[in-house]
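Undergrad: If you scroll down you'll find the structure; I have some questions about it.
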Amino acid sequence: MKRVDDFRLQFGKQELVPIVIGGMGVDISTAELALEVARLGGIGHISDALVQSVSDRRFGTKFISQKLKKYKANAASSDKTNVHFNLAELEEATRNHVGQTMEAKRGDGMIFINCMEKLTMNAPRETLRMRLSAALDAGIDGITLSAGLHLGSFALIEDHPRFRDAKLGIIVSSARALGMFLRKNARLNRLPDYVVVEGPLAGGHLGFGLDWAKYDLATIMGEVLTFLKAEHLDIPVIAAGGIFTGSDATAFLEQGAAAVQVATRFTVTQECGLPDKVKQEYFKASEEDIEVNTISPTGYPMRMIKSSPGIGAGIRPNCEAYGYLLDTNGRCSYIDAYNREVELHQGAKKVKVMDKTCLCTHMRNFDIWTCGQTTWRLKDTTRRAPDGSYQVLSAEHVFHDYQFSTDQKIALPD
Ligand SMILES: Cc1cc2nc3c(=O)[nH]c(=O)nc-3n(C[C@H](O)[C@H](O)[C@H](O)COP(=O)(O)O)c2cc1C
């Protein structure tokens with residue numbers, strides 16, 4: 001019987017264990033987690049979501065408080081058009097986060113960074129170009145483009161000296177989206193080095209509507225593999241979303257996937273950035289506690305635990321400090337939803353906003369508990385202490401369980 005370890009992901013001459021840990025912003029997939037996965041011979045992701053805040057936490061920089069100070073006078077206004085990112089600061093924060101992570105890398109694996117197009121940052125092209133090129137400058141092994149179609153993202157860095165040597169990949173949820181990406185980038189004569197096909201059971205934002213349950217990863221994988229074959233394109237395809245056991249992973253590798261991308265099982269590891277008490281919420285969650293809703297201002301449906309404190313919190317928009325979701329016109333749908341509630345409840349000390357959330361603030365504070373659909377199974381992956389708490393796992397334990405297990409078995413920790 002085959003297991004994941006019988007397969008290898010081939011990148012040129014480099015051979016990797018075909019397990020990728022997906023990017024989880026904001027700093028849920030920490031440098032520590034990515035470094036551990038690279039040490040074990042797989043691919044780990046860090047994320048550049050709210051990178052200034054991550055730099056402040058990791059290195060004691062003061063990017064967020066400085067930005068807030070600069071724009072404080074604007075806080076009461078709903079017009080955020082003048083709240084801009086300083087590109088030099090964005091570059092410095094990215095270089096801090098990526099550079100220090102890459103310096104610490106040991107082992108044969110790789111470290112990639114997850115870059116979401118939906119972080120439009122009030123100047124989508126300029127900020128994305130800076131995020132991508134600063135990550136390349138700082139030595140990242142690869143960049144995974146996510147949360148968006150990224151039709152123009154390769155072109156933003158086509159003149160970068162590492163454009164053809166770093167690994168560049170894209171996340172899609174359909175063969176159609178991949179076709180669009182390839183057509184749009186044909187003139188660059190540079191194919192992606194890998195394509196992640198993310199199905200409807202994944203965590204974070206989904207590339208599906210609220211009818212996500214009608215789709216399944218194996219079917220979409222089949223469509224993407226058929227499409228690539230018909231186009232005579234040899235691009236490694238990585239399956240993602242709902243792959244919970246080594247046997248699940250092996251089935252995709254046998255179907256023709258070059259690797260699998262997993263995340264949910266790593267949310268309850270020591271190396272994961274979620275606070276310990278939130279990890280316990282992930283363990284405790286039942287299937288009924290998990291929902292896909294539309295409260296993310298990005299416009300994409302997002303999966304999360306229903307009791308996330310950020311749902312309905314109704315805080316004042318924090319764009320002067322963060323502002324990562326402001327569009328080209330300085331707008332975010334949370335600002336509109338918040339203003340509507342304030343208008344409706346004049347004089348109230350606090351309002352509740354149910355249809356949107358201030359995603360920057362709540363993801364920064366780990367108050368939106370985004371998760372994969374299989375989160376309710378996490379309790380079966382560990383032991384329970386007499387006080388009822390669940391034992392947090394090591395990333396090595398979970399990684400090896402994916403790598404070596406067969407027969408749908410899940411190894412419990414010692
Ligand atoms: C807590 C959490 C946060 C996530 N955040 C992101 C993100 O910031 N960007 C992204 O592209 N995908 C994100 N994802 C998706 C994962 O990278 C991954 O592709 C997917 O969750 C894999 O499926 P699994 O969780 O069922 O293993 C997130 C997933 C989880 C569980």
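Residues are named by chain letter and number: chains run A, B, ... in the order of the structure tokens, numbers start at 1 in each chain, and ligands are numbered from 1 in the order shown.
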Report as a tab-separated table: every residue of stretch 77-166 of chain A with an atom at most 10 Å from stretch 296-314 of chain A, its closest pair of atoms, and their distance in Å to one decimal, counting only C-alpha atoms, with rows sorted by chain and ascending residue number.
TA:
residue	atom	partner	partner_atom	distance
A:Glu117	CA	A:Thr298	CA	10.0
A:Lys118	CA	A:Thr298	CA	6.3
A:Leu119	CA	A:Thr298	CA	8.2
A:Thr120	CA	A:Thr298	CA	9.2
A:Ala147	CA	A:Tyr300	CA	8.3
A:Gly148	CA	A:Tyr300	CA	9.4
Undergrad: Write the residues of the preceding selection, restricted to N, CA and C atoms, as a compact mmCIF listing (two decimals), in the first residue's frame.
TA:
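result_8.txt, freshly written:
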# COMPACT_ATOMS: atom_id res chain seq x y z
N GLU A 117 -3.94 38.88 -3.45
CA GLU A 117 -4.23 40.05 -4.28
C GLU A 117 -5.29 40.93 -3.62
N LYS A 118 -6.16 40.32 -2.85
CA LYS A 118 -7.25 41.09 -2.24
C LYS A 118 -6.77 42.08 -1.18
N LEU A 119 -5.51 42.01 -0.80
CA LEU A 119 -4.97 43.06 0.07
C LEU A 119 -4.63 44.23 -0.85
N THR A 120 -5.65 45.03 -1.12
CA THR A 120 -5.50 46.06 -2.15
C THR A 120 -4.81 47.34 -1.64
N ALA A 147 -5.88 34.47 -3.34
CA ALA A 147 -7.00 35.39 -3.12
C ALA A 147 -7.11 36.44 -4.22
N GLY A 148 -7.36 35.95 -5.43
CA GLY A 148 -7.49 36.85 -6.57
C GLY A 148 -7.07 36.11 -7.83
Undergrad: Quick one: residues within 6 Å of stretch 129-144 of chain A, only C-alpha atoms counted, chain neighbours fewer than 4 positions away excluded, as a list in words?
TA: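 Counting only the stated atoms, we get Glu91, Arg95, Val98, Gly99, Ile111, Phe112, Ile113, Asn114, Arg125, Leu156, Ala166, Lys167, Leu168, Gly169 and Ile170 of chain A.
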Undergrad: Would you mind exporting the chosen residues as a PDB file, in the first residue's frame, restricted to N, CA and C atoms?
TA:
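Produced file result_27.pdb, reproduced below:
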ATOM      1  N   GLU A  91       8.414  47.880   2.241  1.00  0.00           N
ATOM      2  CA  GLU A  91       9.586  47.124   1.795  1.00  0.00           C
ATOM      3  C   GLU A  91      10.416  46.659   2.993  1.00  0.00           C
ATOM      4  N   ARG A  95      11.145  42.853   4.054  1.00  0.00           N
ATOM      5  CA  ARG A  95      12.530  42.367   4.124  1.00  0.00           C
ATOM      6  C   ARG A  95      12.848  41.811   5.507  1.00  0.00           C
ATOM      7  N   VAL A  98      10.814  38.335   5.752  1.00  0.00           N
ATOM      8  CA  VAL A  98      11.320  37.293   4.845  1.00  0.00           C
ATOM      9  C   VAL A  98      12.805  37.025   5.102  1.00  0.00           C
ATOM     10  N   GLY A  99      13.572  38.116   5.191  1.00  0.00           N
ATOM     11  CA  GLY A  99      15.022  37.963   5.297  1.00  0.00           C
ATOM     12  C   GLY A  99      15.433  37.165   6.528  1.00  0.00           C
ATOM     13  N   ILE A 111      10.942  27.515   1.633  1.00  0.00           N
ATOM     14  CA  ILE A 111       9.986  28.430   2.276  1.00  0.00           C
ATOM     15  C   ILE A 111       9.441  29.388   1.224  1.00  0.00           C
ATOM     16  N   PHE A 112       8.125  29.399   1.130  1.00  0.00           N
ATOM     17  CA  PHE A 112       7.428  30.279   0.186  1.00  0.00           C
ATOM     18  C   PHE A 112       6.658  31.331   0.992  1.00  0.00           C
ATOM     19  N   ILE A 113       6.233  32.370   0.276  1.00  0.00           N
ATOM     20  CA  ILE A 113       5.387  33.389   0.922  1.00  0.00           C
ATOM     21  C   ILE A 113       4.055  33.450   0.177  1.00  0.00           C
ATOM     22  N   ASN A 114       2.978  33.576   0.943  1.00  0.00           N
ATOM     23  CA  ASN A 114       1.628  33.656   0.384  1.00  0.00           C
ATOM     24  C   ASN A 114       1.256  35.132   0.223  1.00  0.00           C
ATOM     25  N   ARG A 125      -1.607  48.062  -7.303  1.00  0.00           N
ATOM     26  CA  ARG A 125      -0.456  47.694  -8.137  1.00  0.00           C
ATOM     27  C   ARG A 125       0.872  48.015  -7.451  1.00  0.00           C
ATOM     28  N   LEU A 156       4.165  42.518 -12.922  1.00  0.00           N
ATOM     29  CA  LEU A 156       4.672  43.513 -11.969  1.00  0.00           C
ATOM     30  C   LEU A 156       6.141  43.274 -11.627  1.00  0.00           C
ATOM     31  N   ALA A 166      13.226  32.300  -9.046  1.00  0.00           N
ATOM     32  CA  ALA A 166      12.411  31.961  -7.873  1.00  0.00           C
ATOM     33  C   ALA A 166      11.221  31.125  -8.337  1.00  0.00           C
ATOM     34  N   LYS A 167      10.702  30.308  -7.447  1.00  0.00           N
ATOM     35  CA  LYS A 167       9.500  29.524  -7.789  1.00  0.00           C
ATOM     36  C   LYS A 167       8.284  30.448  -7.652  1.00  0.00           C
ATOM     37  N   LEU A 168       7.463  30.468  -8.694  1.00  0.00           N
ATOM     38  CA  LEU A 168       6.249  31.294  -8.644  1.00  0.00           C
ATOM     39  C   LEU A 168       5.051  30.407  -8.940  1.00  0.00           C
ATOM     40  N   GLY A 169       4.053  30.485  -8.084  1.00  0.00           N
ATOM     41  CA  GLY A 169       2.873  29.651  -8.280  1.00  0.00           C
ATOM     42  C   GLY A 169       1.601  30.434  -8.026  1.00  0.00           C
ATOM     43  N   ILE A 170       0.495  29.842  -8.386  1.00  0.00           N
ATOM     44  CA  ILE A 170      -0.800  30.504  -8.236  1.00  0.00           C
ATOM     45  C   ILE A 170      -1.824  29.534  -7.668  1.00  0.00           C
TER      46      ILE A 170
END
Undergrad: Can you pull out the residues contacting A:Leu188? Cut-off 12 Å, using only C-alpha atoms, and skip same-chain residues under 5 positions away; I want them as a list of chain:residue names.
TA: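 Near neighbours after the sequence-gap exclusion: A:Leu151, A:Gly152, A:Ser153, A:Phe154, A:Ala155, A:Leu156, A:Ile157, A:Glu158, A:Asp159, A:Phe163, A:Arg164, A:Phe181, A:Leu182, A:Arg183.
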Undergrad: List all protein, DNA and RNA residues that have at least one atom no more than 8 Å from any atom of ligand 1, counting only C-alpha atoms and all ligand atoms, and write them as a PyMOL selection string.
TA: chain A and resi 21-26+28-29+47+49+114-116+144-147+171+196+198-199+201-205+240-244+261-267+369-375
Undergrad: Identify which of the residues A:Gln52, A:Gln408, A:Gln255, A:Asn365 lies closest to A:Gly273, counting only C-alpha atoms when measuring atom-to-atom distances.
TA: A:Asn365
Undergrad: Which of stretch 190-402 of chain A end up as strand (DSSP E or B) when DSSP is run on this backbone - answer as a ChimeraX atom specification?
TA: /A:194-198,204-205,237-240,259-262,269,290-293,302-305,370,384,390,393
Undergrad: Got time to write the residues from that selection, C-alpha atoms, as an mmCIF file, in the first residue's frame?
TA:
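Done, and the output landed in out_33.cif:
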data_model
loop_
_atom_site.group_PDB
_atom_site.id
_atom_site.type_symbol
_atom_site.label_atom_id
_atom_site.label_comp_id
_atom_site.auth_asym_id
_atom_site.auth_seq_id
_atom_site.Cartn_x
_atom_site.Cartn_y
_atom_site.Cartn_z
ATOM 1 C CA TYR A 194 3.308 25.094 -9.734
ATOM 2 C CA VAL A 195 -0.437 25.479 -9.507
ATOM 3 C CA VAL A 196 -2.302 24.936 -6.254
ATOM 4 C CA VAL A 197 -5.846 23.712 -6.869
ATOM 5 C CA GLU A 198 -7.853 24.663 -3.802
ATOM 6 C CA GLY A 204 -9.501 31.210 4.761
ATOM 7 C CA HIS A 205 -11.228 32.803 1.774
ATOM 8 C CA VAL A 237 -0.350 20.573 -9.639
ATOM 9 C CA ILE A 238 -0.807 20.705 -5.872
ATOM 10 C CA ALA A 239 -4.135 19.615 -4.365
ATOM 11 C CA ALA A 240 -5.497 21.562 -1.385
ATOM 12 C CA ALA A 259 2.044 17.408 -3.897
ATOM 13 C CA VAL A 260 -0.679 18.285 -1.421
ATOM 14 C CA GLN A 261 -1.175 21.568 0.422
ATOM 15 C CA VAL A 262 -2.558 21.246 3.922
ATOM 16 C CA THR A 269 0.553 22.702 16.535
ATOM 17 C CA ILE A 290 -18.252 25.871 11.357
ATOM 18 C CA GLU A 291 -19.798 28.150 8.746
ATOM 19 C CA VAL A 292 -19.036 29.814 5.455
ATOM 20 C CA ASN A 293 -20.234 33.410 5.549
ATOM 21 C CA MET A 302 -14.778 32.820 4.192
ATOM 22 C CA ARG A 303 -14.968 29.788 6.461
ATOM 23 C CA MET A 304 -14.761 30.281 10.220
ATOM 24 C CA ILE A 305 -15.930 29.084 13.614
ATOM 25 C CA THR A 370 -10.944 31.008 10.119
ATOM 26 C CA ARG A 384 -7.237 14.921 26.164
ATOM 27 C CA TYR A 390 -6.517 18.937 24.323
ATOM 28 C CA LEU A 393 0.859 18.769 18.812
#
Undergrad: Please indicate the distance in Å from atom CA of A:Leu359 to atom CA of A:Lys80, rounded to one decimal place.
TA: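 Spanning atom CA of A:Leu359 to atom CA of A:Lys80 is a straight-line distance of 16.0 Å.
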Undergrad: Looking at A:Asp193, A:Arg162, A:Ala337, A:Ser389, which one is nearest to A:Pro236, with distances taken over only C-alpha atoms?
TA: A:Asp193
Undergrad: Residues within 7 Å of A:Leu217, please, as a PyMOL selection string. Count only C-alpha atoms; anything in the same chain fewer than 2 positions from it doesn't count.
TA: chain A and resi 199-200+215+219-221
Undergrad: Keeping N, CA and C atoms for every residue in the selection just given, could you write it to a file as an mmCIF file, in the first residue's frame?
TA:
data_model
loop_
_atom_site.group_PDB
_atom_site.id
_atom_site.type_symbol
_atom_site.label_atom_id
_atom_site.label_comp_id
_atom_site.auth_asym_id
_atom_site.auth_seq_id
_atom_site.Cartn_x
_atom_site.Cartn_y
_atom_site.Cartn_z
ATOM 1 N N GLY A 199 -9.780 23.327 -3.291
ATOM 2 C CA GLY A 199 -11.187 22.935 -3.317
ATOM 3 C C GLY A 199 -12.005 23.656 -2.265
ATOM 4 N N PRO A 200 -13.305 23.309 -2.163
ATOM 5 C CA PRO A 200 -14.224 24.077 -1.320
ATOM 6 C C PRO A 200 -14.126 23.816 0.185
ATOM 7 N N TYR A 215 -19.318 21.499 -5.017
ATOM 8 C CA TYR A 215 -18.060 21.225 -5.721
ATOM 9 C C TYR A 215 -17.212 20.241 -4.927
ATOM 10 N N THR A 219 -12.794 16.263 -8.407
ATOM 11 C CA THR A 219 -13.327 16.585 -9.737
ATOM 12 C C THR A 219 -12.565 17.764 -10.348
ATOM 13 N N ILE A 220 -12.348 18.794 -9.539
ATOM 14 C CA ILE A 220 -11.650 19.981 -10.075
ATOM 15 C C ILE A 220 -10.205 19.611 -10.435
ATOM 16 N N MET A 221 -9.579 18.795 -9.596
ATOM 17 C CA MET A 221 -8.214 18.328 -9.905
ATOM 18 C C MET A 221 -8.210 17.620 -11.260
#
Undergrad: May I have all residues of stretch 151-348 of chain A that DSSP, computed from the backbone, assigns to alpha helix (DSSP H), given as a PyMOL selection string?
TA: chain A and resi 153-156+175-185+217-230+246-255+276-284+333-344
Undergrad: Mind giving me the straight-line distance from atom CA of A:Ala93 to atom CA of A:Leu191 in Å, one decimal?
TA: 28.7 Å
Undergrad: Tell me which of A:Lys356, A:Met180, A:Glu15, A:Cys319 sits closest to A:Ser333, counting only C-alpha atoms.
TA: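 Closest to A:Ser333, using only C-alpha atoms: A:Lys356.
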Undergrad: Just how far from atom CA of A:Asn339 is atom CA of A:Asn318, in Å to one decimal?
TA: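 Here the two named atoms are 13.1 Å from each other.
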Undergrad: Do a neighbour search on A:Asp234 at 12 Å with only C-alpha atoms, toss out local chain neighbours closer than 2 positions, and write the hits as a PyMOL selection string.
TA: chain A and resi 10-11+191-195+224-232+236-237+256-258
